[in-house]
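Structure file query04.pdb with PDB, C-alpha atoms and all ligand atoms:
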```pdb
MODEL        1
ATOM      1  CA  MET A   1      61.060 108.479  83.895
ATOM      2  CA  LYS A   2      60.763 108.272  80.163
ATOM      3  CA  LYS A   3      60.375 104.904  78.539
ATOM      4  CA  LEU A   4      63.253 103.739  76.401
ATOM      5  CA  PHE A   5      62.937 101.429  73.413
ATOM      6  CA  PRO A   6      65.409  99.099  71.724
ATOM      7  CA  VAL A   7      67.608 101.107  69.365
ATOM      8  CA  TRP A   8      68.076 100.533  65.643
ATOM      9  CA  LEU A   9      71.370 101.914  64.376
ATOM     10  CA  THR A  10      71.335 102.913  60.718
ATOM     11  CA  ILE A  11      73.790 104.585  58.365
ATOM     12  CA  ASP A  12      73.256 106.227  54.967
ATOM     13  CA  SER A  13      76.081 105.779  52.501
ATOM     14  CA  ASP A  14      75.838 109.178  50.719
ATOM     15  CA  ASP A  15      79.031 110.547  49.240
ATOM     16  CA  VAL A  16      79.825 114.272  49.144
ATOM     17  CA  PHE A  17      78.291 114.721  45.695
ATOM     18  CA  HIS A  18      74.963 113.126  46.631
ATOM     19  CA  HIS A  19      73.924 116.136  48.659
ATOM     20  CA  PRO A  20      70.707 117.693  47.249
ATOM     21  CA  LYS A  21      72.615 120.916  46.623
ATOM     22  CA  PHE A  22      74.602 119.050  43.955
ATOM     23  CA  GLN A  23      72.074 116.627  42.482
ATOM     24  CA  GLY A  24      68.654 115.025  42.613
ATOM     25  CA  HIS A  25      66.523 118.018  43.609
ATOM     26  CA  PRO A  26      64.512 120.313  41.301
ATOM     27  CA  THR A  27      65.415 123.582  43.080
ATOM     28  CA  ARG A  28      68.133 122.850  45.643
ATOM     29  CA  SER A  29      70.602 121.351  43.147
ATOM     30  CA  LYS A  30      72.350 124.464  41.923
ATOM     31  CA  LYS A  31      75.925 123.365  41.488
ATOM     32  CA  GLN A  32      75.281 120.096  39.600
ATOM     33  CA  ILE A  33      78.113 117.652  40.148
ATOM     34  CA  GLU A  34      77.916 114.638  37.908
ATOM     35  CA  LYS A  35      80.685 112.822  39.775
ATOM     36  CA  LYS A  36      80.041 109.162  40.491
ATOM     37  CA  SER A  37      83.343 107.818  41.781
ATOM     38  CA  ILE A  38      84.290 107.618  45.448
ATOM     39  CA  SER A  39      85.582 110.790  47.158
ATOM     40  CA  ASP A  40      88.658 111.052  49.390
ATOM     41  CA  GLU A  41      86.363 111.821  52.317
ATOM     42  CA  MET A  42      84.571 108.519  51.714
ATOM     43  CA  ILE A  43      87.831 106.611  51.580
ATOM     44  CA  LEU A  44      88.777 108.052  54.969
ATOM     45  CA  SER A  45      85.257 107.340  56.256
ATOM     46  CA  PHE A  46      85.512 103.691  55.276
ATOM     47  CA  GLU A  47      88.751 103.364  57.202
ATOM     48  CA  LYS A  48      87.320 105.062  60.293
ATOM     49  CA  PHE A  49      84.014 103.218  60.112
ATOM     50  CA  ASP A  50      85.914  99.971  59.984
ATOM     51  CA  ASP A  51      87.880 100.954  63.121
ATOM     52  CA  TRP A  52      84.715 101.909  64.960
ATOM     53  CA  HIS A  53      82.782  98.852  63.843
ATOM     54  CA  GLN A  54      85.566  96.458  64.830
ATOM     55  CA  LYS A  55      85.530  97.969  68.323
ATOM     56  CA  ASN A  56      81.739  97.649  68.482
ATOM     57  CA  LEU A  57      81.047  94.305  66.861
ATOM     58  CA  GLU A  58      78.195  93.618  69.251
ATOM     59  CA  LEU A  59      76.206  96.507  67.740
ATOM     60  CA  PRO A  60      74.192  95.443  64.674
ATOM     61  CA  ILE A  61      74.175  98.102  61.944
ATOM     62  CA  THR A  62      72.006  98.622  58.885
ATOM     63  CA  ILE A  63      73.586 100.523  56.010
ATOM     64  CA  PHE A  64      71.329 102.068  53.381
ATOM     65  CA  LEU A  65      73.282 101.968  50.131
ATOM     66  CA  ILE A  66      72.905 103.988  46.940
ATOM     67  CA  GLY A  67      72.935 101.509  44.038
ATOM     68  CA  GLN A  68      75.063 103.669  41.791
ATOM     69  CA  GLN A  69      77.919 103.670  44.289
ATOM     70  CA  LEU A  70      78.496 100.008  43.547
ATOM     71  CA  GLU A  71      79.263 100.906  39.944
ATOM     72  CA  CYS A  72      82.460 102.514  41.249
ATOM     73  CA  LYS A  73      84.999  99.694  41.480
ATOM     74  CA  LYS A  74      86.929 101.335  44.283
ATOM     75  CA  PHE A  75      83.851 101.902  46.412
ATOM     76  CA  LYS A  76      82.721  98.354  45.854
ATOM     77  CA  SER A  77      86.030  96.778  46.790
ATOM     78  CA  PHE A  78      86.494  98.950  49.919
ATOM     79  CA  PHE A  79      83.020  98.062  51.067
ATOM     80  CA  LYS A  80      83.387  94.384  50.275
ATOM     81  CA  LYS A  81      86.522  94.164  52.393
ATOM     82  CA  ILE A  82      84.756  95.790  55.328
ATOM     83  CA  LEU A  83      81.824  93.394  55.056
ATOM     84  CA  GLU A  84      84.034  90.334  54.819
ATOM     85  CA  LYS A  85      86.107  91.365  57.810
ATOM     86  CA  SER A  86      82.957  92.136  59.771
ATOM     87  CA  LYS A  87      81.439  88.762  58.995
ATOM     88  CA  LYS A  88      84.626  86.944  59.878
ATOM     89  CA  ASN A  89      84.788  88.653  63.255
ATOM     90  CA  GLY A  90      81.128  88.185  64.124
ATOM     91  CA  GLY A  91      79.761  91.635  63.193
ATOM     92  CA  GLN A  92      76.202  92.058  61.970
ATOM     93  CA  ILE A  93      75.840  94.458  59.067
ATOM     94  CA  THR A  94      72.613  94.366  57.091
ATOM     95  CA  ILE A  95      72.094  96.339  53.893
ATOM     96  CA  GLY A  96      69.039  98.236  52.682
ATOM     97  CA  CYS A  97      68.269 100.455  49.709
ATOM     98  CA  HIS A  98      68.830 104.220  49.497
ATOM     99  CA  GLY A  99      67.831 104.429  45.808
ATOM    100  CA  TYR A 100      69.824 103.911  42.643
ATOM    101  CA  THR A 101      70.583 107.578  42.262
ATOM    102  CA  HIS A 102      70.044 109.975  45.140
ATOM    103  CA  THR A 103      66.814 111.443  43.745
ATOM    104  CA  CYS A 104      64.626 113.472  46.116
ATOM    105  CA  TRP A 105      61.446 111.886  44.769
ATOM    106  CA  SER A 106      58.771 113.794  46.650
ATOM    107  CA  ALA A 107      60.283 117.146  45.638
ATOM    108  CA  PHE A 108      59.160 116.314  42.091
ATOM    109  CA  LYS A 109      55.689 115.567  40.763
ATOM    110  CA  PRO A 110      54.669 111.946  41.445
ATOM    111  CA  ASN A 111      56.259 109.686  38.860
ATOM    112  CA  ASN A 112      55.435 106.053  39.555
ATOM    113  CA  GLU A 113      57.247 104.719  36.548
ATOM    114  CA  LYS A 114      60.525 106.521  37.130
ATOM    115  CA  PHE A 115      60.561 105.720  40.827
ATOM    116  CA  ARG A 116      59.805 102.072  40.182
ATOM    117  CA  ASN A 117      62.526 101.865  37.579
ATOM    118  CA  ASP A 118      65.069 103.448  39.939
ATOM    119  CA  LEU A 119      64.074 100.986  42.672
ATOM    120  CA  GLN A 120      64.367  97.987  40.379
ATOM    121  CA  ILE A 121      67.877  98.880  39.261
ATOM    122  CA  ALA A 122      68.967  99.683  42.817
ATOM    123  CA  LYS A 123      67.541  96.488  44.205
ATOM    124  CA  LYS A 124      69.228  94.335  41.609
ATOM    125  CA  ILE A 125      72.681  95.870  42.090
ATOM    126  CA  ILE A 126      72.547  96.033  45.879
ATOM    127  CA  LYS A 127      71.060  92.573  46.338
ATOM    128  CA  GLU A 128      73.680  91.000  44.139
ATOM    129  CA  PHE A 129      76.435  92.689  46.103
ATOM    130  CA  ALA A 130      75.026  92.228  49.610
ATOM    131  CA  GLU A 131      73.897  88.616  49.186
ATOM    132  CA  THR A 132      72.713  87.349  52.589
ATOM    133  CA  SER A 133      73.138  90.819  54.137
ATOM    134  CA  TRP A 134      70.410  92.275  51.882
ATOM    135  CA  ARG A 135      67.129  93.359  53.484
ATOM    136  CA  PRO A 136      64.071  94.692  51.569
ATOM    137  CA  TRP A 137      64.198  97.927  53.528
ATOM    138  CA  PHE A 138      64.083 101.409  52.038
ATOM    139  CA  ARG A 139      65.241 104.871  52.989
ATOM    140  CA  ALA A 140      64.213 107.723  50.718
ATOM    141  CA  PRO A 141      67.106 109.920  49.545
ATOM    142  CA  GLY A 142      67.130 113.149  51.561
ATOM    143  CA  GLY A 143      64.105 111.885  53.521
ATOM    144  CA  TYR A 144      61.881 112.928  50.605
ATOM    145  CA  ILE A 145      59.015 110.477  50.942
ATOM    146  CA  ALA A 146      55.408 110.983  49.763
ATOM    147  CA  PRO A 147      52.299 108.794  50.129
ATOM    148  CA  TRP A 148      52.296 107.797  46.420
ATOM    149  CA  MET A 149      55.641 106.046  46.884
ATOM    150  CA  ALA A 150      54.236 103.455  49.310
ATOM    151  CA  GLU A 151      52.380 101.505  46.638
ATOM    152  CA  ILE A 152      55.517 101.270  44.463
ATOM    153  CA  LEU A 153      57.567 100.067  47.402
ATOM    154  CA  LYS A 154      55.000  97.367  47.950
ATOM    155  CA  LEU A 155      55.055  96.344  44.272
ATOM    156  CA  GLU A 156      58.824  96.016  44.547
ATOM    157  CA  LYS A 157      58.394  93.878  47.653
ATOM    158  CA  PHE A 158      59.888  96.239  50.172
ATOM    159  CA  GLU A 159      58.757  95.407  53.690
ATOM    160  CA  LEU A 160      60.005  98.358  55.654
ATOM    161  CA  ASP A 161      60.509 102.060  55.121
ATOM    162  CA  SER A 162      62.570 104.371  57.296
ATOM    163  CA  SER A 163      62.312 107.794  55.676
ATOM    164  CA  ILE A 164      60.122 109.925  57.924
ATOM    165  CA  ASN A 165      61.754 112.714  59.887
ATOM    166  CA  PRO A 166      58.642 113.481  61.935
ATOM    167  CA  THR A 167      59.227 117.155  62.537
ATOM    168  CA  LYS A 168      56.549 119.541  61.409
ATOM    169  CA  PHE A 169      58.765 122.094  59.748
ATOM    170  CA  LEU A 170      60.099 119.435  57.369
ATOM    171  CA  SER A 171      56.671 118.291  56.210
ATOM    172  CA  ILE A 172      57.494 119.942  52.881
ATOM    173  CA  LYS A 173      59.442 116.734  52.254
ATOM    174  CA  SER A 174      56.209 114.714  52.328
ATOM    175  CA  GLY A 175      55.404 116.237  48.934
ATOM    176  CA  LYS A 176      52.813 118.699  47.652
ATOM    177  CA  SER A 177      49.369 117.777  48.893
ATOM    178  CA  GLU A 178      47.453 115.512  46.592
ATOM    179  CA  LYS A 179      44.405 117.574  47.612
ATOM    180  CA  GLY A 180      45.786 120.660  45.917
ATOM    181  CA  PHE A 181      47.288 122.904  48.605
ATOM    182  CA  GLY A 182      49.930 122.597  51.306
ATOM    183  CA  PHE A 183      51.834 119.402  51.907
ATOM    184  CA  ASN A 184      50.759 115.814  52.466
ATOM    185  CA  GLY A 185      52.104 115.735  56.018
ATOM    186  CA  TRP A 186      53.775 112.858  57.831
ATOM    187  CA  ASN A 187      50.526 111.264  58.987
ATOM    188  CA  SER A 188      49.431 110.626  55.429
ATOM    189  CA  VAL A 189      52.797 109.053  54.578
ATOM    190  CA  HIS A 190      52.464 106.857  57.625
ATOM    191  CA  LYS A 191      48.949 105.888  56.619
ATOM    192  CA  ALA A 192      49.956 105.096  53.050
ATOM    193  CA  MET A 193      52.740 102.820  54.312
ATOM    194  CA  ASN A 194      50.313 101.144  56.664
ATOM    195  CA  ASN A 195      47.798 100.560  53.874
ATOM    196  CA  ALA A 196      50.550  99.069  51.733
ATOM    197  CA  GLY A 197      51.535  96.735  54.574
ATOM    198  CA  ILE A 198      54.922  98.390  54.951
ATOM    199  CA  ILE A 199      56.347  99.012  58.409
ATOM    200  CA  GLU A 200      57.382 102.617  58.929
ATOM    201  CA  ARG A 201      60.316 103.406  61.169
ATOM    202  CA  PRO A 202      60.528 107.204  61.640
ATOM    203  CA  TRP A 203      63.731 108.792  62.931
ATOM    204  CA  LEU A 204      64.440 109.994  66.409
ATOM    205  CA  THR A 205      63.655 113.667  67.006
ATOM    206  CA  THR A 206      64.294 115.838  70.034
ATOM    207  CA  PHE A 207      61.686 115.600  72.707
ATOM    208  CA  TYR A 208      59.746 118.835  72.471
ATOM    209  CA  PRO A 209      59.342 120.627  70.147
ATOM    210  CA  ALA A 210      60.143 117.900  67.638
ATOM    211  CA  LEU A 211      63.357 119.071  66.009
ATOM    212  CA  PRO A 212      65.523 116.849  63.809
ATOM    213  CA  ALA A 213      68.075 114.799  65.722
ATOM    214  CA  CYS A 214      69.517 112.539  63.041
ATOM    215  CA  GLY A 215      71.764 112.859  60.005
ATOM    216  CA  PRO A 216      72.856 116.455  59.379
ATOM    217  CA  ALA A 217      71.229 117.609  62.656
ATOM    218  CA  LEU A 218      74.136 115.965  64.494
ATOM    219  CA  HIS A 219      76.437 118.621  63.035
ATOM    220  CA  PHE A 220      74.335 121.767  62.520
ATOM    221  CA  PRO A 221      75.361 124.634  64.768
ATOM    222  CA  PHE A 222      73.050 124.913  67.777
ATOM    223  CA  LEU A 223      70.836 121.978  66.744
ATOM    224  CA  LYS A 224      73.722 119.600  67.308
ATOM    225  CA  TYR A 225      73.715 120.104  71.078
ATOM    226  CA  PHE A 226      70.107 118.967  71.326
ATOM    227  CA  ALA A 227      70.643 116.177  68.822
ATOM    228  CA  ASN A 228      73.687 114.793  70.620
ATOM    229  CA  SER A 229      72.106 114.926  74.062
ATOM    230  CA  THR A 230      68.915 113.320  72.735
ATOM    231  CA  TRP A 231      70.966 110.468  71.279
ATOM    232  CA  LYS A 232      72.750 109.988  74.579
ATOM    233  CA  LYS A 233      69.420 109.711  76.387
ATOM    234  CA  PHE A 234      67.591 107.517  73.919
ATOM    235  CA  THR A 235      70.413 105.155  73.114
ATOM    236  CA  ASN A 236      70.976 104.391  76.772
ATOM    237  CA  TYR A 237      69.379 100.999  76.274
ATOM    238  CA  ARG A 238      69.953  97.798  74.320
ATOM    239  CA  VAL A 239      70.059  97.560  70.523
ATOM    240  CA  ALA A 240      67.039  96.225  68.659
ATOM    241  CA  ILE A 241      67.159  92.731  67.216
ATOM    242  CA  GLU A 242      65.937  92.163  63.673
ATOM    243  CA  ASP A 243      62.642  90.572  64.717
ATOM    244  CA  GLU A 244      61.826  93.701  66.692
ATOM    245  CA  ILE A 245      62.714  96.019  63.816
ATOM    246  CA  LYS A 246      60.347  94.069  61.562
ATOM    247  CA  ASP A 247      57.489  93.817  64.060
ATOM    248  CA  LYS A 248      55.147  96.778  63.772
ATOM    249  CA  ASN A 249      53.790  96.109  67.238
ATOM    250  CA  VAL A 250      57.184  96.714  68.789
ATOM    251  CA  GLU A 251      58.256 100.293  69.375
ATOM    252  CA  ILE A 252      61.880 101.017  68.642
ATOM    253  CA  THR A 253      64.063 104.097  68.447
ATOM    254  CA  THR A 254      65.597 104.593  65.012
ATOM    255  CA  VAL A 255      68.718 106.705  64.689
ATOM    256  CA  TYR A 256      70.690 107.438  61.567
ATOM    257  CA  TRP A 257      73.933 109.072  60.648
ATOM    258  CA  HIS A 258      76.062 109.256  57.504
ATOM    259  CA  LEU A 259      79.013 107.075  56.633
ATOM    260  CA  LEU A 260      80.788 110.310  55.697
ATOM    261  CA  ASP A 261      80.455 111.536  59.275
ATOM    262  CA  PHE A 262      83.406 109.305  60.145
ATOM    263  CA  SER A 263      85.635 111.705  58.178
ATOM    264  CA  LYS A 264      84.631 114.620  60.418
ATOM    265  CA  ASN A 265      86.978 116.054  63.056
ATOM    266  CA  LYS A 266      89.904 114.717  61.051
ATOM    267  CA  GLY A 267      88.512 111.206  61.305
ATOM    268  CA  LYS A 268      87.917 111.326  65.060
ATOM    269  CA  TRP A 269      84.125 111.565  65.031
ATOM    270  CA  THR A 270      82.102 108.638  66.363
ATOM    271  CA  PRO A 271      78.302 108.354  66.771
ATOM    272  CA  PRO A 272      77.076 109.647  70.182
ATOM    273  CA  ILE A 273      75.739 106.312  71.310
ATOM    274  CA  ASN A 274      75.367 105.509  74.977
ATOM    275  CA  LYS A 275      76.604 101.968  75.115
ATOM    276  CA  LYS A 276      75.181  99.557  77.626
TER
HETATM  277 ZN    ZN B 301      70.993 110.231  51.480
ENDMDL
END
```

Is it possible to give me this structure as structure tokens?
Ligand SMILES: [Zn+2]
Amino acid sequence: MKKLFPVWLTIDSDDVFHHPKFQGHPTRSKKQIEKKSISDEMILSFEKFDDWHQKNLELPITIFLIGQQLECKKFKSFFKKILEKSKKNGGQITIGCHGYTHTCWSAFKPNNEKFRNDLQIAKKIIKEFAETSWRPWFRAPGGYIAPWMAEILKLEKFELDSSINPTKFLSIKSGKSEKGFGFNGWNSVHKAMNNAGIIERPWLTTFYPALPACGPALHFPFLKYFANSTWKKFTNYRVAIEDEIKDKNVEITTVYWHLLDFSKNKGKWTPPINKK
């Protein structure tokens, strides 16, 4: 029988216009949407997330927020209401950082200064909003994480990173190799995080071969069947407590989906979690 680990449930707050095809990527962003205010899909997602969360208050959730979203008054007030209600009813939502803008950092040449600046702005805005729910945890936009980013995360006092989608065919997202050819590969990102004293929490993949199982993989034709059944298997255990998430000697299973997913199937979608 396979061994199951405590499960960490995480959500990325991306709106429709944050997708790399619209912004933040040097070659994928072809349509360029400069929109920054909340979409109708997000408004519906907030409502449906709230419903789901209120029915599952015993499940702690970490939401990785994009700093810029909090500059939209509507987004901010919707989210604030959800957090307040959650707190009042005993829910446990913690908040991490998904960048200030949704820039796919490792798709560009390393730029320590720009990345650090983006992190600083994001951290300030999100921390101020989240107050006691803030955690110094990072998730790279689009899962674009390269080894050079680890040192900056450390300088900005981040303690945990959860950006690695450890499937080989996505190693392009680990950035162009600093040795000159090919890509850095996930091992070198892992190593860089380790050297910086940052805990890395890679995402759940399907068993073999390692295909993506989180985020968009939950909805891609074909892939979604594997992703959903993998979730059902690997979430058939208890949720991880914060001390476990932060302890590098404890193995956990990290899953992630998008807040916007709650608008799918006319608002009927819920994460395929096997609740114990
Ligand atoms: Zn994202």

Task: Selection near segment 14-28 of chain A, 6 Å with all atoms listed in the file, sequence-local residues under 3 positions removed, as an MDAnalysis selection string - done: chainID A and resid 31:33 102:104

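Between ligand ZN 301 (chain B) and the candidates A:Ile95, A:Leu223, A:Ile126, A:Leu259, the tightest atom-to-atom separation, counting only C-alpha atoms and all ligand atoms, involves A:Leu259.
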
Which centre and which edge lengths, in Å to one decimal, describe the axis-aligned box that holds all listed atoms of segment 255-265 of chain A after 8 Å is added on each side, as lines of an AutoDock Vina configuration file?
```
center_x = 77.8
center_y = 111.4
center_z = 60.2
size_x = 34.3
size_y = 25.3
size_z = 25.0
```

Task: Expansion of the PyMOL selection byres (((chain A and resi 113-124) around 7) and not hetatm) into residues, as a VMD selection string - done: chain A and resid 67 97 99 to 100 111 to 112 125 to 128 152

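Where the distance criterion is 6 Å and the atoms used are all atoms listed in the file, the residues close to ligand ZN 301 (chain B) are A:Asp12, A:Asp14, A:Pro141, A:Gly142.
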
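For the choices A:Arg238, A:Arg201, A:Lys264, A:Lys36, the atom-to-atom distance to Lys74 of chain A is smallest for A:Lys36 when using all atoms listed in the file.
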